[in-house]
Amino acid sequence: MAVVGVLALQGSFNEHIAALKRLGVKGVEVRKPEQLQTISSLIIPGGESTTMAKLAEFHNLFPALREFVQMGKPVWGTCAGLIFLANKAVGQKEGGQELVGGLDCTVHRNYFGSQIQSFEAELLVPELASREGGPETFPGVFIRAPAVLEVGPEVEVLADYPIPSNKVLYSSSAVEIQEENAVPEKKVIVAIRQGNLLGTAFHPELTADTRWHSYFLKMARGYGEWTSNTTVAVSGVDLSSDKQTRYDLPIFR
Ligand SMILES: NC(=O)CC[C@H](N)C(=O)O
């Protein structure tokens, strides 16, 4: 059976495993390079990308992660995970940080500002809705989130987020100007796909809506079908042996 791994160095890996469990899939925690050989798709969670990169370096994971991506295996990066998968990141801490790369895009690491500028927004997700059904919008949870600034020709944009072009002006006079002149909106990209790589700037694992997880599982199953006869079991998996009740985590939204 194709196995879904979740990089478990730091950040919201438990929450991803809990979301997979809600779909009847057992996610496997990955911490060592050799474990990548035992999985067929990987989720890189959100968290803090600099810390995660330091831990990945410490465990000598970067070469194995790059090889995994280059083999065409499905990988989904959420938030810090999206930063990991980007070919280029800006707004990094001094000295930068190592990236896995693969997604032909540039991300801004803290595009929306600091932790207190975290927010929730209903995102228009036509492609997700057409594949997975359900509403045309998805509850986006943005925690000190990155955004995608530029994408290459192979990249498909799955969601963007409209922001007023003067969003940094918060004084009351600025708000009045905005109302009078109807400042045009600018869109920033927050979900992309390039072949077997998926990236979201927000945190679907913190919501009850499992459509991004099931979308990714279909990518993973598709890969399994191309390369072997194995498939991801998306239902009917016996998880009763999973004694780790910590995966029954509360859902944020
Ligand atoms: N929620 C997140 O994953 C935040 C990512 C954060 N902006 C970083 O640089 O790592």
# chains A, B, ... in the order shown; residues from 1 in each chain; ligands from 1
>>> closest_atom_pairs(of="chain A", to="ligand 1", cutoff="6 Å", atoms="only C-alpha atoms and all ligand atoms", output="CSV")
residue,atom,partner,partner_atom_place_in_ligand_line,distance
A:Gly46,CA,ligand 1,3 (O),3.4
A:Gly47,CA,ligand 1,3 (O),3.8
A:Glu48,CA,ligand 1,10 (O),3.4
A:Ser49,CA,ligand 1,10 (O),3.4
A:Thr50,CA,ligand 1,10 (O),5.9
A:Cys79,CA,ligand 1,3 (O),4.1
A:Ala80,CA,ligand 1,3 (O),3.7
A:Arg109,CA,ligand 1,9 (O),4.8
A:Asn110,CA,ligand 1,7 (N),4.4
A:Ile143,CA,ligand 1,1 (N),4.4
A:Arg144,CA,ligand 1,4 (C),4.8
A:Ala145,CA,ligand 1,7 (N),4.8
A:Pro146,CA,ligand 1,7 (N),5.2
>>> residues_around(residues="stretch 59-66 of chain A", least_positions_apart="4", cutoff="7 Å", atoms="only C-alpha atoms", output="list in words")
Lys32, Pro33, Leu55, Gln70 and Val100 of chain A
>>> residues_around(residues="A:Gly102", least_positions_apart="2", cutoff="10 Å", atoms="only C-alpha atoms", output="list of chain:residue names")
A:Arg66, A:Val69, A:Gln70, A:Gly72, A:Val75, A:Phe84, A:Leu85, A:Ala86, A:Asn87, A:Lys88, A:Leu99, A:Val100, A:Asp104, A:Cys105, A:Gln194, A:Asn196, A:Leu197
>>> closest_residue(among="A:Val4, A:Ala159, A:Ile116, A:Ala147", to="A:Leu217", atoms="only C-alpha atoms")
A:Val4
>>> residues_around(residues="A:Tyr215", least_positions_apart="3", cutoff="10 Å", atoms="only C-alpha atoms", output="list in words")
Leu128, Ala129, Arg131, Glu132, Leu198, Thr210, Arg211, Trp212, Lys218, Met219, Ala220 and Arg221 of chain A
>>> write_last_selection(atoms="N, CA and C atoms", output="compact mmCIF listing (two decimals), in the first residue's frame")
# COMPACT_ATOMS: atom_id res chain seq x y z
N LEU A 128 -10.47 23.26 -6.67
CA LEU A 128 -10.68 22.30 -5.58
C LEU A 128 -12.14 21.85 -5.54
N ALA A 129 -13.05 22.84 -5.66
CA ALA A 129 -14.48 22.52 -5.59
C ALA A 129 -14.90 21.64 -6.77
N ARG A 131 -13.06 19.45 -8.32
CA ARG A 131 -12.52 18.09 -8.13
C ARG A 131 -13.15 17.38 -6.94
N GLU A 132 -13.35 18.14 -5.86
CA GLU A 132 -13.73 17.50 -4.59
C GLU A 132 -15.18 17.76 -4.20
N LEU A 198 2.39 20.33 -4.55
CA LEU A 198 1.26 21.17 -4.16
C LEU A 198 1.75 22.09 -3.05
N THR A 210 -11.79 18.74 4.83
CA THR A 210 -10.66 17.87 4.46
C THR A 210 -10.40 17.83 2.95
N ARG A 211 -10.97 18.78 2.21
CA ARG A 211 -10.87 18.65 0.75
C ARG A 211 -9.43 18.78 0.21
N TRP A 212 -8.60 19.64 0.83
CA TRP A 212 -7.21 19.72 0.32
C TRP A 212 -6.48 18.41 0.59
N LYS A 218 -5.47 12.08 -3.75
CA LYS A 218 -5.72 11.64 -5.14
C LYS A 218 -4.46 11.82 -5.97
N MET A 219 -3.71 12.91 -5.74
CA MET A 219 -2.41 13.06 -6.43
C MET A 219 -1.51 11.88 -6.08
N ALA A 220 -1.50 11.52 -4.79
CA ALA A 220 -0.65 10.43 -4.31
C ALA A 220 -1.09 9.10 -4.92
N ARG A 221 -2.39 8.90 -4.98
CA ARG A 221 -2.91 7.65 -5.55
C ARG A 221 -2.58 7.59 -7.04
